[in-house]
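Here is the file target_39.tsv (TSV, C-alpha atoms).
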chain	number	residue	atom	x	y	z
A	6	MET	CA	-3.60	4.98	-14.42
A	7	LEU	CA	-0.98	2.32	-15.07
A	8	LYS	CA	1.52	3.46	-17.63
A	9	GLN	CA	2.51	-0.05	-18.70
A	10	VAL	CA	3.36	-3.58	-17.63
A	11	GLU	CA	5.56	-5.51	-19.96
A	12	CYS	CA	8.22	-8.14	-20.28
A	13	ARG	CA	11.21	-6.18	-21.52
A	14	GLU	CA	14.22	-4.55	-19.97
A	15	ALA	CA	13.69	-1.31	-18.11
A	16	PRO	CA	16.07	1.25	-19.63
A	17	HIS	CA	17.07	2.90	-16.36
A	18	LEU	CA	17.86	0.11	-13.94
A	19	SER	CA	20.55	0.35	-11.31
A	20	ALA	CA	24.06	-0.79	-12.20
A	21	GLN	CA	23.66	-4.12	-10.43
A	22	GLN	CA	20.59	-4.95	-12.51
A	23	SER	CA	21.85	-3.60	-15.83
A	24	ASP	CA	23.46	-6.90	-16.86
A	25	ARG	CA	20.03	-8.58	-17.13
A	26	THR	CA	18.50	-8.88	-20.57
A	27	GLY	CA	14.93	-8.82	-19.30
A	28	PRO	CA	12.74	-9.90	-16.45
A	29	ARG	CA	13.21	-13.38	-15.09
A	30	PRO	CA	10.71	-16.03	-16.20
A	31	GLY	CA	7.34	-15.51	-14.55
A	32	THR	CA	8.01	-11.87	-13.75
A	33	VAL	CA	7.02	-8.57	-15.28
A	34	TRP	CA	8.37	-5.03	-15.13
A	35	VAL	CA	5.82	-2.70	-13.60
A	36	TYR	CA	5.92	0.98	-14.51
A	37	SER	CA	3.99	3.50	-12.45
A	38	LYS	CA	3.65	7.25	-12.76
A	39	GLY	CA	5.75	8.18	-9.77
A	40	GLN	CA	8.15	5.36	-8.93
A	41	SER	CA	11.01	3.57	-10.62
A	42	PRO	CA	10.12	0.41	-12.54
A	43	TYR	CA	10.24	-2.71	-10.47
A	44	GLU	CA	10.27	-6.40	-11.25
A	45	PHE	CA	7.34	-8.34	-9.87
A	46	CYS	CA	6.69	-12.07	-9.68
A	47	PRO	CA	2.95	-12.64	-9.11
A	48	SER	CA	3.36	-16.32	-8.23
A	49	ARG	CA	5.74	-15.53	-5.35
A	50	ASP	CA	3.53	-12.97	-3.64
A	51	PRO	CA	0.09	-14.42	-2.96
A	52	CYS	CA	-0.90	-11.31	-1.00
A	53	SER	CA	-0.54	-9.00	-3.99
A	54	PRO	CA	-3.59	-8.51	-6.21
A	55	ASN	CA	-1.92	-10.55	-9.02
A	56	GLU	CA	-2.98	-7.77	-11.37
A	57	TRP	CA	-2.29	-4.08	-11.40
A	58	PRO	CA	-1.42	-2.48	-8.95
A	59	TYR	CA	0.55	-5.62	-8.06
A	60	ASN	CA	2.55	-4.85	-4.92
A	61	LEU	CA	2.76	-1.13	-5.61
A	62	GLN	CA	2.79	1.05	-2.50
A	63	ALA	CA	2.40	4.80	-2.83
A	64	LEU	CA	2.50	7.79	-0.53
A	65	ARG	CA	-0.60	9.88	0.08
A	66	GLY	CA	-0.73	12.82	-2.30
A	67	THR	CA	1.16	11.17	-5.18
A	68	PRO	CA	-0.27	10.24	-8.60
A	69	ASP	CA	0.27	6.54	-7.82
A	70	HIS	CA	-1.76	6.92	-4.61
A	71	GLU	CA	-4.64	8.42	-6.55
A	72	ASP	CA	-4.37	5.68	-9.21
A	73	ILE	CA	-4.56	2.93	-6.59
A	74	LEU	CA	-7.60	4.57	-4.98
A	75	ALA	CA	-9.32	5.05	-8.34
A	76	TRP	CA	-8.60	1.45	-9.35
A	77	HIS	CA	-9.97	0.02	-6.11
A	78	LEU	CA	-13.01	2.31	-5.89
A	79	GLY	CA	-13.85	1.63	-9.53
A	80	ARG	CA	-13.64	-2.11	-9.13
A	81	TYR	CA	-15.02	-2.69	-5.62
A	82	HIS	CA	-18.02	-0.71	-4.46
A	83	GLU	CA	-17.87	-1.47	-0.74
A	84	PHE	CA	-17.49	2.18	0.24
A	85	SER	CA	-17.32	5.62	-1.29
A	86	ARG	CA	-14.47	8.08	-1.73
A	87	VAL	CA	-16.27	10.37	0.73
A	88	GLU	CA	-16.23	7.65	3.41
A	89	LEU	CA	-12.58	6.94	2.72
A	90	GLU	CA	-11.69	10.65	2.92
A	91	ALA	CA	-13.47	10.85	6.29
A	92	LEU	CA	-11.41	7.88	7.51
A	93	MET	CA	-8.20	9.54	6.27
A	94	GLN	CA	-9.09	12.76	8.12
A	95	LEU	CA	-9.62	10.75	11.31
A	96	LEU	CA	-6.28	9.00	10.80
A	97	ILE	CA	-4.46	12.29	10.13
A	98	ARG	CA	-5.97	13.75	13.28
A	99	HIS	CA	-4.27	10.94	15.23
A	100	VAL	CA	-0.94	10.61	13.41
A	101	GLY	CA	-0.30	14.21	12.39
A	102	ASP	CA	2.13	14.76	9.56
A	103	ARG	CA	3.53	11.22	9.43
A	104	GLN	CA	3.79	9.59	6.03
A	105	ILE	CA	0.80	7.46	4.98
A	106	SER	CA	1.01	4.98	2.13
A	107	ILE	CA	-1.56	2.87	0.36
A	108	ALA	CA	-1.40	-0.59	-1.18
A	109	VAL	CA	-3.87	-3.26	-2.22
A	110	TYR	CA	-3.79	-6.47	-0.21
A	111	HIS	CA	-5.15	-9.79	-1.43
A	112	ASP	CA	-6.54	-11.97	1.35
A	113	VAL	CA	-5.69	-15.45	0.09
A	114	ASP	CA	-8.16	-17.07	2.50
A	115	THR	CA	-11.19	-15.10	1.34
A	116	GLY	CA	-10.01	-14.10	-2.14
A	117	ARG	CA	-10.93	-10.48	-1.37
A	118	ARG	CA	-8.79	-7.45	-2.13
A	119	HIS	CA	-8.79	-4.50	0.19
A	120	LEU	CA	-6.94	-1.26	0.76
A	121	TRP	CA	-4.05	-1.30	3.18
A	122	PHE	CA	-2.81	1.99	4.63
A	123	THR	CA	0.50	2.15	6.47
A	124	VAL	CA	1.54	4.98	8.76
A	125	TRP	CA	5.32	5.48	8.64
A	126	GLY	CA	7.80	7.26	10.85
A	127	PHE	CA	7.72	5.39	14.13
A	128	SER	CA	10.80	4.40	16.07
A	129	MET	CA	11.40	0.78	17.04
A	130	ASP	CA	12.89	2.08	20.29
A	131	ARG	CA	9.53	3.67	21.15
A	132	TRP	CA	7.16	1.16	19.57
A	133	SER	CA	4.78	1.24	22.54
A	134	GLU	CA	4.07	4.88	21.62
A	135	ALA	CA	3.09	3.81	18.10
A	136	SER	CA	0.92	1.03	19.48
A	137	MET	CA	-0.93	3.39	21.82
A	138	LEU	CA	-1.43	6.00	19.09
A	139	MET	CA	-2.80	3.42	16.66
A	140	GLN	CA	-5.03	1.90	19.36
A	141	ARG	CA	-6.57	5.33	20.06
A	142	PHE	CA	-7.18	5.76	16.32
A	143	GLU	CA	-8.80	2.31	16.05
A	144	ASP	CA	-10.99	3.00	19.10
A	145	ASP	CA	-12.20	6.28	17.57
A	146	TRP	CA	-12.72	4.54	14.22
A	147	ALA	CA	-14.79	1.74	15.77
A	148	SER	CA	-16.92	4.18	17.75
A	149	ASN	CA	-17.69	6.34	14.69
A	150	ARG	CA	-20.97	4.91	13.36
A	151	ALA	CA	-20.45	6.46	9.91
A	152	LEU	CA	-17.04	4.78	9.49
A	153	SER	CA	-17.24	1.60	11.54
A	154	GLN	CA	-18.33	-0.51	8.54
A	155	LEU	CA	-14.90	0.20	6.98
A	156	LEU	CA	-13.25	-1.83	9.75
A	157	TRP	CA	-13.91	-4.98	7.70
A	158	VAL	CA	-12.74	-3.71	4.31
A	159	VAL	CA	-9.78	-1.40	5.05
A	160	ASP	CA	-6.60	-2.09	7.03
A	161	VAL	CA	-4.45	0.50	8.77
A	162	THR	CA	-1.10	-0.40	10.32
A	163	ALA	CA	2.00	1.35	11.63
A	164	SER	CA	5.57	0.77	10.52
A	165	PRO	CA	8.95	1.92	11.76
A	166	GLY	CA	11.20	4.09	9.62
A	167	THR	CA	10.29	6.01	6.51
A	168	PHE	CA	8.36	5.01	3.43
A	169	GLU	CA	11.46	5.54	1.29
A	170	ALA	CA	13.49	3.09	3.43
A	171	ARG	CA	10.84	0.32	3.36
A	172	ASP	CA	12.66	-1.92	0.88
A	173	HIS	CA	15.93	-1.63	2.79
A	174	ALA	CA	14.18	-2.42	6.07
A	175	ALA	CA	12.46	-5.46	4.54
A	176	ALA	CA	15.75	-6.73	3.10
A	177	SER	CA	17.47	-6.29	6.46
A	178	ALA	CA	14.72	-8.23	8.21
A	179	GLN	CA	15.05	-11.11	5.75
A	180	ALA	CA	18.85	-11.31	6.09

Let me see the file written as structure tokens.
Amino acid sequence: MLKQVECREAPHLSAQQSDRTGPRPGTVWVYSKGQSPYEFCPSRDPCSPNEWPYNLQALRGTPDHEDILAWHLGRYHEFSRVELEALMQLLIRHVGDRQISIAVYHDVDTGRRHLWFTVWGFSMDRWSEASMLMQRFEDDWASNRALSQLLWVVDVTASPGTFEARDHAAASAQA
């Protein structure tokens, strides 16, 4: 699952980060199977699990995606992999070949952790199309008796742009 989490310098950081001698106080380097190491500060992100997988997001079909699923399903027994696969098939039927990522979200009000799926590839210029598509998916989900109980323990949202550009988009929004 997790390769390692440690407080030491990542050997292959970008040039702008290479002058650091290690993570800042209160942060850790997180290493996953399929993504570059990233620095994470648990105290600054109350909506992360504050334990692995921290704020790791991974695309469907990657080793990190499978690790996040295995971690959550092994720790929380609210639903089965079969139920989750049925939900994913329903989602894919609605969104086609768009990118789907997974993350773990920590609800600070309830203290619960749940899976958060994001569908990528929508245009901000045509956001109403994304809203209608996701509403049709949610309506089908709610009307499916075998999957409706997942409405309270799994989140599915839409996002503009691509999964790979998510950090750039978030930085632009904060600027």

Env of range 120-126 of chain A: 8 Å cut, atoms = only C-alpha atoms, seq-sep filter 4 positions within chain, self excluded. Answer as a list in words.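 Non-adjacent residues within range: His77, Val100, Arg103, Gln104, Ile105, Ser106, Ile107, Ala108, Val109, Tyr110, Val158, Val159, Asp160, Val161, Thr162, Ala163, Ser164, Pro165, Gly166, Thr167 and Phe168 of chain A.
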
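Note that CA of Thr115 in chain A and CA of Glu44 in chain A are 26.4 Å apart.
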
Smallest atom-to-atom distance to Pro68 in chain A: which of A:Gln94, A:Ser133, A:Ser53, A:Ser37, using only C-alpha atoms?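 The shortest atom-to-atom distance to Pro68 in chain A comes from A:Ser37.
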
Of the candidates A:Gly31, A:Gly66, A:Gly101, A:Gly39, which shows the shortest atom-to-atom distance to Phe142 in chain A, using all atoms listed in the file?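 Of all the options, A:Gly101 lies closest to Phe142 in chain A.
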
I want to know what sits within 7 Å of Tyr43 in chain A, based on all atoms listed in the file, with residues of the same chain fewer than 3 positions away left out; could you give that as a VMD selection string? chain A and resid 34 to 36

One-decimal distance in Å that lies between CA of Leu92 in chain A and CA of Ala151 in chain A: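 These two atoms are separated by 9.5 Å.
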
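The shortest atom-to-atom distance to Pro42 in chain A, with all atoms listed in the file taken into account, belongs to A:Leu61 out of A:Leu156, A:Phe84, A:Arg171, A:Leu61.
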
Rounded to one decimal place, report the CA of Ile73 in chain A-CA of Glu90 in chain A distance in Å.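 These two atoms are separated by 14.2 Å.
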
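Across A:Met129, A:Leu95, A:Arg118, A:Pro58, the tightest approach to Tyr81 in chain A is made by A:Arg118 when counting all atoms listed in the file.
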
Restricting the calculation to only C-alpha atoms, which member of A:Arg150, A:Pro47, A:Glu169, A:Arg141 is positioned closest to Leu96 in chain A? A:Arg141

Choose the residue, out of A:Asp69, A:Pro54, A:Asp144, A:Gln154, that has the smallest atom-to-atom separation from Ser41 in chain A; count only C-alpha atoms.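 Once distances to Ser41 in chain A are computed over only C-alpha atoms, the minimum belongs to A:Asp69.
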